[in-house]
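Student: Contents of target-v3.cif (mmCIF, C-alpha atoms and all ligand atoms) are given next:
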data_start
#
loop_
_atom_site.label_atom_id
_atom_site.label_comp_id
_atom_site.auth_asym_id
_atom_site.auth_seq_id
_atom_site.Cartn_x
_atom_site.Cartn_y
_atom_site.Cartn_z
CA VAL A 1 70.90 120.02 110.24
CA GLU A 2 68.24 119.98 107.53
CA GLU A 3 67.82 122.88 105.05
CA THR A 4 64.96 123.95 102.79
CA LEU A 5 64.25 126.54 100.14
CA VAL A 6 61.49 129.02 100.91
CA LEU A 7 60.35 131.49 98.25
CA VAL A 8 58.22 134.53 99.01
CA LYS A 9 56.37 134.67 95.69
CA PRO A 10 55.68 137.95 93.81
CA ASP A 11 52.31 138.41 95.55
CA GLY A 12 53.94 138.16 99.00
CA VAL A 13 56.71 140.62 98.12
CA ALA A 14 54.25 143.06 96.49
CA ARG A 15 52.00 142.93 99.56
CA ASN A 16 54.96 143.67 101.88
CA LEU A 17 54.58 140.32 103.66
CA THR A 18 58.25 139.26 103.45
CA GLY A 19 58.94 140.36 107.03
CA GLU A 20 55.79 138.72 108.41
CA ILE A 21 56.66 135.43 106.68
CA LEU A 22 60.25 135.51 107.98
CA ARG A 23 58.93 136.36 111.45
CA ARG A 24 56.84 133.18 111.45
CA ILE A 25 59.81 131.09 110.28
CA GLU A 26 62.05 132.50 113.02
CA ALA A 27 59.34 132.27 115.68
CA LYS A 28 59.14 128.54 114.96
CA GLY A 29 62.87 128.31 115.78
CA TYR A 30 64.26 127.95 112.27
CA SER A 31 67.35 129.92 111.21
CA LEU A 32 67.90 132.09 108.18
CA VAL A 33 71.14 130.97 106.50
CA ASP A 34 71.03 132.99 103.28
CA VAL A 35 68.64 135.42 101.58
CA LYS A 36 68.35 136.87 98.09
CA LEU A 37 66.03 139.13 96.10
CA VAL A 38 65.62 137.64 92.62
CA GLN A 39 63.89 138.63 89.41
CA ALA A 40 63.48 135.08 88.11
CA ASP A 41 63.67 134.35 84.40
CA ARG A 42 61.86 131.67 82.42
CA THR A 43 64.89 129.35 82.39
CA LEU A 44 65.16 129.30 86.19
CA LEU A 45 61.40 128.90 86.66
CA THR A 46 61.12 126.10 84.10
CA GLN A 47 63.85 124.21 85.96
CA HIS A 48 62.30 124.99 89.34
CA TYR A 49 58.84 123.77 88.25
CA ALA A 50 60.07 120.95 85.95
CA GLU A 51 57.65 118.48 87.59
CA HIS A 52 54.69 120.62 86.47
CA GLU A 53 55.74 121.15 82.83
CA GLY A 54 52.86 120.19 80.53
CA LYS A 55 50.14 120.74 83.15
CA PRO A 56 47.42 123.30 82.29
CA PHE A 57 48.48 125.69 85.05
CA PHE A 58 52.18 125.66 84.10
CA GLY A 59 52.04 128.69 81.75
CA PRO A 60 50.06 130.95 84.13
CA LEU A 61 52.24 129.81 87.03
CA VAL A 62 55.52 130.74 85.30
CA GLU A 63 54.02 134.02 84.08
CA PHE A 64 52.97 134.89 87.62
CA MET A 65 56.38 133.97 89.05
CA GLU A 66 58.03 136.24 86.44
CA SER A 67 55.70 139.14 87.26
CA GLY A 68 57.82 140.66 90.02
CA PRO A 69 60.67 140.09 92.45
CA ILE A 70 60.84 136.97 94.62
CA VAL A 71 62.66 136.68 97.95
CA ALA A 72 64.51 133.39 98.38
CA PHE A 73 65.40 132.13 101.86
CA ARG A 74 67.77 129.29 102.72
CA VAL A 75 66.36 128.09 106.03
CA ALA A 76 67.84 125.55 108.45
CA GLY A 77 66.29 123.62 111.30
CA ASN A 78 65.30 120.29 112.71
CA ARG A 79 62.75 118.71 110.30
CA VAL A 80 62.43 122.10 108.56
CA ILE A 81 61.29 120.72 105.19
CA GLU A 82 58.12 119.17 106.58
CA GLY A 83 57.86 121.85 109.26
CA PHE A 84 57.80 124.74 106.83
CA ARG A 85 55.19 122.97 104.68
CA SER A 86 52.94 122.85 107.71
CA LEU A 87 53.64 126.52 108.54
CA ALA A 88 52.66 127.38 104.94
CA GLY A 89 49.40 125.44 104.89
CA THR A 90 47.79 123.65 101.98
CA THR A 91 48.29 124.90 98.37
CA ASP A 92 44.89 126.56 97.94
CA PRO A 93 44.66 129.51 100.39
CA SER A 94 40.85 129.11 100.60
CA LYS A 95 41.39 125.63 102.06
CA ALA A 96 44.42 126.41 104.22
CA ALA A 97 43.93 126.23 107.99
CA PRO A 98 43.90 129.33 110.19
CA GLY A 99 47.29 129.80 111.81
CA THR A 100 49.12 129.00 108.57
CA ILE A 101 50.74 131.56 106.26
CA ARG A 102 48.34 130.80 103.40
CA GLY A 103 45.36 130.42 105.71
CA ASP A 104 45.92 133.72 107.52
CA LEU A 105 47.33 135.88 104.72
CA GLY A 106 46.11 134.34 101.43
CA ARG A 107 43.76 136.29 99.17
CA ASP A 108 42.10 136.25 95.73
CA TRP A 109 40.82 132.72 96.29
CA GLY A 110 39.74 130.82 93.24
CA VAL A 111 40.84 133.68 90.99
CA ALA A 112 44.42 132.49 90.93
CA VAL A 113 45.50 129.52 93.03
CA GLN A 114 49.11 130.22 92.09
CA GLN A 115 49.00 133.41 94.19
CA ASN A 116 49.60 131.56 97.41
CA LEU A 117 52.43 133.66 98.85
CA VAL A 118 55.12 131.05 99.44
CA HIS A 119 56.90 128.00 98.13
CA GLY A 120 58.62 125.39 100.27
CA SER A 121 60.61 122.37 99.09
CA ASP A 122 58.64 119.14 99.51
CA SER A 123 61.42 116.55 100.13
CA PRO A 124 65.15 116.35 100.89
CA GLU A 125 65.78 115.65 97.19
CA SER A 126 63.75 118.71 96.11
CA ALA A 127 65.44 120.86 98.74
CA ALA A 128 68.93 119.93 97.51
CA ARG A 129 67.96 120.46 93.87
CA GLU A 130 66.15 123.76 94.49
CA LEU A 131 68.81 125.23 96.80
CA ALA A 132 71.42 124.53 94.11
CA LEU A 133 69.22 126.29 91.52
CA TRP A 134 68.46 129.43 93.53
CA PHE A 135 71.69 129.78 95.52
CA ASP A 136 74.28 128.11 93.19
P1 LIG B 1 54.81 125.04 96.22
O1 LIG B 1 55.34 125.11 97.60
O2 LIG B 1 54.67 126.39 95.54
O3 LIG B 1 55.49 124.01 95.34
O4 LIG B 1 53.30 124.61 96.42
P2 LIG B 1 52.70 123.17 96.61
O5 LIG B 1 53.79 122.16 96.74
O6 LIG B 1 51.69 123.32 97.68
O7 LIG B 1 51.99 122.98 95.23
P3 LIG B 1 52.48 122.21 93.91
O8 LIG B 1 53.94 121.92 93.96
O9 LIG B 1 51.52 121.12 93.64
O10 LIG B 1 52.21 123.34 92.83
C1 LIG B 1 53.17 124.37 92.65
C2 LIG B 1 52.44 125.69 92.53
O11 LIG B 1 51.66 125.67 91.36
C3 LIG B 1 51.44 125.97 93.65
O12 LIG B 1 52.03 126.59 94.76
C4 LIG B 1 50.50 126.91 92.97
O13 LIG B 1 51.08 128.21 92.96
C5 LIG B 1 50.46 126.37 91.56
N1 LIG B 1 49.35 125.44 91.34
C6 LIG B 1 49.24 124.16 91.75
N2 LIG B 1 48.10 123.61 91.38
C7 LIG B 1 47.45 124.57 90.67
C8 LIG B 1 46.20 124.61 89.99
O14 LIG B 1 45.46 123.64 89.95
N3 LIG B 1 45.90 125.79 89.37
C9 LIG B 1 46.71 126.87 89.38
N4 LIG B 1 46.34 127.98 88.76
N5 LIG B 1 47.89 126.86 90.02
C10 LIG B 1 48.26 125.74 90.65
MG MG B 2 55.41 121.92 95.33
#
Reformat the file's structure so that it appears as structure tokens.
Ligand code: GTP
Ligand code: MG

Tutor:
Amino acid sequence: VEETLVLVKPDGVARNLTGEILRRIEAKGYSLVDVKLVQADRTLLTQHYAEHEGKPFFGPLVEFMESGPIVAFRVAGNRVIEGFRSLAGTTDPSKAAPGTIRGDLGRDWGVAVQQNLVHGSDSPESAARELALWFD
């Protein structure tokens, strides 16, 4: 069965939304396989966001991700990689559809697009790479 990495970003943890986000994942029928509370360091985040290194938002993004604890979920399910991306909604919470995590729970629109509550792997290759990074 397919697996993906979900991160509840520092804004989601600080706003006590970890349980609500997990509830939505489980309600969809996906299973929690492993879970971890992590204070991520720059090395981990630079590896995690390697594809964005050099982009103008890279610095602020890493700084934000370092700003507080993150909850990492290893989640399993049929077509879970694509399925979680659709549960999360589009990157910018102000554009994310109602019914999605970002669309229902996102805040501070335009101020900081990086504060969009969750991360989900975007392909089987990313999922394998990211799960190895966050869960060894
Ligand atoms: P993730 O699931 O977090 O990877 O989101 P995504 O796949 O929807 O977005 P992408 O991988 O393109 O970007 C990674 C993260 O960088 C996003 O979730 C945002 O937090 C942040 N980000 C992306 N684009 C921008 C931008 O234009 N400005 C700012 N400030 N942050 C951005
Ligand atoms: Mg991405």

Student: Can you work out which one of A:Gly68, A:Pro124, A:Gly89, A:Gly12 has the shortest atom-to-atom distance to ligand LIG 1 (chain B), counting only C-alpha atoms and all ligand atoms?

Tutor: A:Gly89

Student: Grab the CA of Asp122 in chain A to CA of Val75 in chain A distance for me, in Å with one decimal place.

Tutor: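 The value is 13.5 Å.
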
Student: Using only C-alpha atoms and all ligand atoms, which of A:Leu133, A:Leu44, A:Ala88, A:Leu22 sits nearest ligand MG 2 (chain B)?

Tutor: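 Between A:Leu133, A:Leu44, A:Ala88, A:Leu22, the residue approaching ligand MG 2 (chain B) most closely is A:Ala88.
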
Student: Please report the interatomic distance between atom O5 of ligand LIG 1 (chain B) and CA of Val118 in chain A in Å with one decimal.

Tutor: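 So the answer is 9.4 Å.
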
Student: Excluding same-chain residues fewer than 6 positions from Ile81 in chain A, what lies within 7 Å of it counting only C-alpha atoms, as an mmCIF file with C-alpha atoms, keeping the file's coordinate frame?

Tutor:
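That gives us out29.cif:
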data_model
loop_
_atom_site.group_PDB
_atom_site.id
_atom_site.type_symbol
_atom_site.label_atom_id
_atom_site.label_comp_id
_atom_site.auth_asym_id
_atom_site.auth_seq_id
_atom_site.Cartn_x
_atom_site.Cartn_y
_atom_site.Cartn_z
ATOM 1 C CA GLU A 3 67.820 122.880 105.050
ATOM 2 C CA THR A 4 64.960 123.950 102.790
ATOM 3 C CA SER A 121 60.610 122.370 99.090
ATOM 4 C CA ASP A 122 58.640 119.140 99.510
ATOM 5 C CA SER A 123 61.420 116.550 100.130
#

Student: Within 12 Å of ligand MG 2 (chain B), counting all atoms listed in the file: which residues, as a list of chain:residue names?

Tutor: A:Leu5, A:Val6, A:Leu7, A:His48, A:Tyr49, A:Ala50, A:Glu51, A:His52, A:Leu61, A:Ile81, A:Glu82, A:Arg85, A:Ala88, A:Gly89, A:Thr90, A:Thr91, A:Asp92, A:Gln114, A:Asn116, A:Val118, A:His119, A:Gly120, A:Ser121, A:Asp122, A:Ser123, A:Ser126, A:Ala127, A:Glu130

Student: Missing atoms in range 59-93 of chain A: fill them in up to N, CA and C atoms and send the result as a PDB file, in the coordinates of the input.

Tutor:
ATOM      1  N   GLY A  59      51.817 127.385  82.398  1.00  0.00           N
ATOM      2  CA  GLY A  59      52.040 128.690  81.750  1.00  0.00           C
ATOM      3  C   GLY A  59      51.699 129.851  82.673  1.00  0.00           C
ATOM      4  N   PRO A  60      50.450 129.886  83.189  1.00  0.00           N
ATOM      5  CA  PRO A  60      50.060 130.950  84.130  1.00  0.00           C
ATOM      6  C   PRO A  60      50.950 131.005  85.374  1.00  0.00           C
ATOM      7  N   LEU A  61      51.388 129.851  85.841  1.00  0.00           N
ATOM      8  CA  LEU A  61      52.240 129.810  87.030  1.00  0.00           C
ATOM      9  C   LEU A  61      53.581 130.497  86.759  1.00  0.00           C
ATOM     10  N   VAL A  62      54.217 130.142  85.643  1.00  0.00           N
ATOM     11  CA  VAL A  62      55.520 130.740  85.300  1.00  0.00           C
ATOM     12  C   VAL A  62      55.358 132.243  85.050  1.00  0.00           C
ATOM     13  N   GLU A  63      54.283 132.605  84.347  1.00  0.00           N
ATOM     14  CA  GLU A  63      54.020 134.020  84.080  1.00  0.00           C
ATOM     15  C   GLU A  63      53.877 134.809  85.385  1.00  0.00           C
ATOM     16  N   PHE A  64      53.141 134.249  86.312  1.00  0.00           N
ATOM     17  CA  PHE A  64      52.970 134.890  87.620  1.00  0.00           C
ATOM     18  C   PHE A  64      54.309 135.013  88.352  1.00  0.00           C
ATOM     19  N   MET A  65      55.104 133.957  88.329  1.00  0.00           N
ATOM     20  CA  MET A  65      56.380 133.970  89.050  1.00  0.00           C
ATOM     21  C   MET A  65      57.390 134.929  88.428  1.00  0.00           C
ATOM     22  N   GLU A  66      57.164 135.261  87.137  1.00  0.00           N
ATOM     23  CA  GLU A  66      58.030 136.240  86.440  1.00  0.00           C
ATOM     24  C   GLU A  66      57.560 137.668  86.661  1.00  0.00           C
ATOM     25  N   SER A  67      56.378 137.831  87.256  1.00  0.00           N
ATOM     26  CA  SER A  67      55.700 139.140  87.260  1.00  0.00           C
ATOM     27  C   SER A  67      56.309 140.155  88.216  1.00  0.00           C
ATOM     28  N   GLY A  68      57.193 139.729  89.080  1.00  0.00           N
ATOM     29  CA  GLY A  68      57.820 140.660  90.020  1.00  0.00           C
ATOM     30  C   GLY A  68      58.879 139.953  90.820  1.00  0.00           C
ATOM     31  N   PRO A  69      59.588 140.706  91.676  1.00  0.00           N
ATOM     32  CA  PRO A  69      60.670 140.090  92.450  1.00  0.00           C
ATOM     33  C   PRO A  69      60.177 139.041  93.432  1.00  0.00           C
ATOM     34  N   ILE A  70      61.058 138.073  93.671  1.00  0.00           N
ATOM     35  CA  ILE A  70      60.840 136.970  94.620  1.00  0.00           C
ATOM     36  C   ILE A  70      61.937 137.088  95.676  1.00  0.00           C
ATOM     37  N   VAL A  71      61.620 136.774  96.926  1.00  0.00           N
ATOM     38  CA  VAL A  71      62.660 136.680  97.950  1.00  0.00           C
ATOM     39  C   VAL A  71      62.888 135.206  98.264  1.00  0.00           C
ATOM     40  N   ALA A  72      64.130 134.776  98.091  1.00  0.00           N
ATOM     41  CA  ALA A  72      64.510 133.390  98.380  1.00  0.00           C
ATOM     42  C   ALA A  72      65.201 133.324  99.727  1.00  0.00           C
ATOM     43  N   PHE A  73      64.764 132.376 100.558  1.00  0.00           N
ATOM     44  CA  PHE A  73      65.400 132.130 101.860  1.00  0.00           C
ATOM     45  C   PHE A  73      65.988 130.721 101.868  1.00  0.00           C
ATOM     46  N   ARG A  74      67.221 130.603 102.344  1.00  0.00           N
ATOM     47  CA  ARG A  74      67.770 129.290 102.720  1.00  0.00           C
ATOM     48  C   ARG A  74      67.554 129.182 104.222  1.00  0.00           C
ATOM     49  N   VAL A  75      66.779 128.201 104.629  1.00  0.00           N
ATOM     50  CA  VAL A  75      66.360 128.090 106.030  1.00  0.00           C
ATOM     51  C   VAL A  75      66.820 126.754 106.583  1.00  0.00           C
ATOM     52  N   ALA A  76      67.347 126.774 107.810  1.00  0.00           N
ATOM     53  CA  ALA A  76      67.840 125.550 108.450  1.00  0.00           C
ATOM     54  C   ALA A  76      67.069 125.275 109.729  1.00  0.00           C
ATOM     55  N   GLY A  77      66.927 123.996 110.034  1.00  0.00           N
ATOM     56  CA  GLY A  77      66.290 123.620 111.300  1.00  0.00           C
ATOM     57  C   GLY A  77      65.969 122.141 111.335  1.00  0.00           C
ATOM     58  N   ASN A  78      65.673 121.682 112.522  1.00  0.00           N
ATOM     59  CA  ASN A  78      65.300 120.290 112.710  1.00  0.00           C
ATOM     60  C   ASN A  78      63.964 120.012 112.006  1.00  0.00           C
ATOM     61  N   ARG A  79      63.958 119.076 111.055  1.00  0.00           N
ATOM     62  CA  ARG A  79      62.750 118.710 110.300  1.00  0.00           C
ATOM     63  C   ARG A  79      62.114 119.914 109.598  1.00  0.00           C
ATOM     64  N   VAL A  80      62.957 120.835 109.121  1.00  0.00           N
ATOM     65  CA  VAL A  80      62.430 122.100 108.560  1.00  0.00           C
ATOM     66  C   VAL A  80      61.654 121.909 107.258  1.00  0.00           C
ATOM     67  N   ILE A  81      61.974 120.888 106.485  1.00  0.00           N
ATOM     68  CA  ILE A  81      61.290 120.720 105.190  1.00  0.00           C
ATOM     69  C   ILE A  81      59.794 120.476 105.435  1.00  0.00           C
ATOM     70  N   GLU A  82      59.506 119.467 106.234  1.00  0.00           N
ATOM     71  CA  GLU A  82      58.120 119.170 106.580  1.00  0.00           C
ATOM     72  C   GLU A  82      57.523 120.289 107.440  1.00  0.00           C
ATOM     73  N   GLY A  83      58.328 120.816 108.340  1.00  0.00           N
ATOM     74  CA  GLY A  83      57.860 121.850 109.260  1.00  0.00           C
ATOM     75  C   GLY A  83      57.440 123.126 108.548  1.00  0.00           C
ATOM     76  N   PHE A  84      58.216 123.531 107.546  1.00  0.00           N
ATOM     77  CA  PHE A  84      57.800 124.740 106.830  1.00  0.00           C
ATOM     78  C   PHE A  84      56.544 124.481 106.013  1.00  0.00           C
ATOM     79  N   ARG A  85      56.414 123.282 105.437  1.00  0.00           N
ATOM     80  CA  ARG A  85      55.190 122.970 104.680  1.00  0.00           C
ATOM     81  C   ARG A  85      53.968 123.102 105.578  1.00  0.00           C
ATOM     82  N   SER A  86      54.113 122.705 106.842  1.00  0.00           N
ATOM     83  CA  SER A  86      52.940 122.850 107.710  1.00  0.00           C
ATOM     84  C   SER A  86      52.729 124.292 108.159  1.00  0.00           C
ATOM     85  N   LEU A  87      53.804 125.075 108.289  1.00  0.00           N
ATOM     86  CA  LEU A  87      53.640 126.520 108.540  1.00  0.00           C
ATOM     87  C   LEU A  87      52.939 127.202 107.362  1.00  0.00           C
ATOM     88  N   ALA A  88      53.224 126.752 106.144  1.00  0.00           N
ATOM     89  CA  ALA A  88      52.660 127.380 104.940  1.00  0.00           C
ATOM     90  C   ALA A  88      51.181 127.065 104.779  1.00  0.00           C
ATOM     91  N   GLY A  89      50.790 125.853 105.116  1.00  0.00           N
ATOM     92  CA  GLY A  89      49.400 125.440 104.890  1.00  0.00           C
ATOM     93  C   GLY A  89      49.221 124.860 103.505  1.00  0.00           C
ATOM     94  N   THR A  90      48.029 124.343 103.240  1.00  0.00           N
ATOM     95  CA  THR A  90      47.790 123.650 101.980  1.00  0.00           C
ATOM     96  C   THR A  90      47.791 124.629 100.793  1.00  0.00           C
ATOM     97  N   THR A  91      48.045 124.081  99.581  1.00  0.00           N
ATOM     98  CA  THR A  91      48.290 124.900  98.370  1.00  0.00           C
ATOM     99  C   THR A  91      47.243 125.984  98.120  1.00  0.00           C
ATOM    100  N   ASP A  92      45.969 125.617  98.229  1.00  0.00           N
ATOM    101  CA  ASP A  92      44.890 126.560  97.940  1.00  0.00           C
ATOM    102  C   ASP A  92      44.571 127.371  99.198  1.00  0.00           C
ATOM    103  N   PRO A  93      44.850 128.686  99.182  1.00  0.00           N
ATOM    104  CA  PRO A  93      44.660 129.510 100.390  1.00  0.00           C
ATOM    105  C   PRO A  93      43.232 129.433 100.964  1.00  0.00           C
TER     106      PRO A  93
END
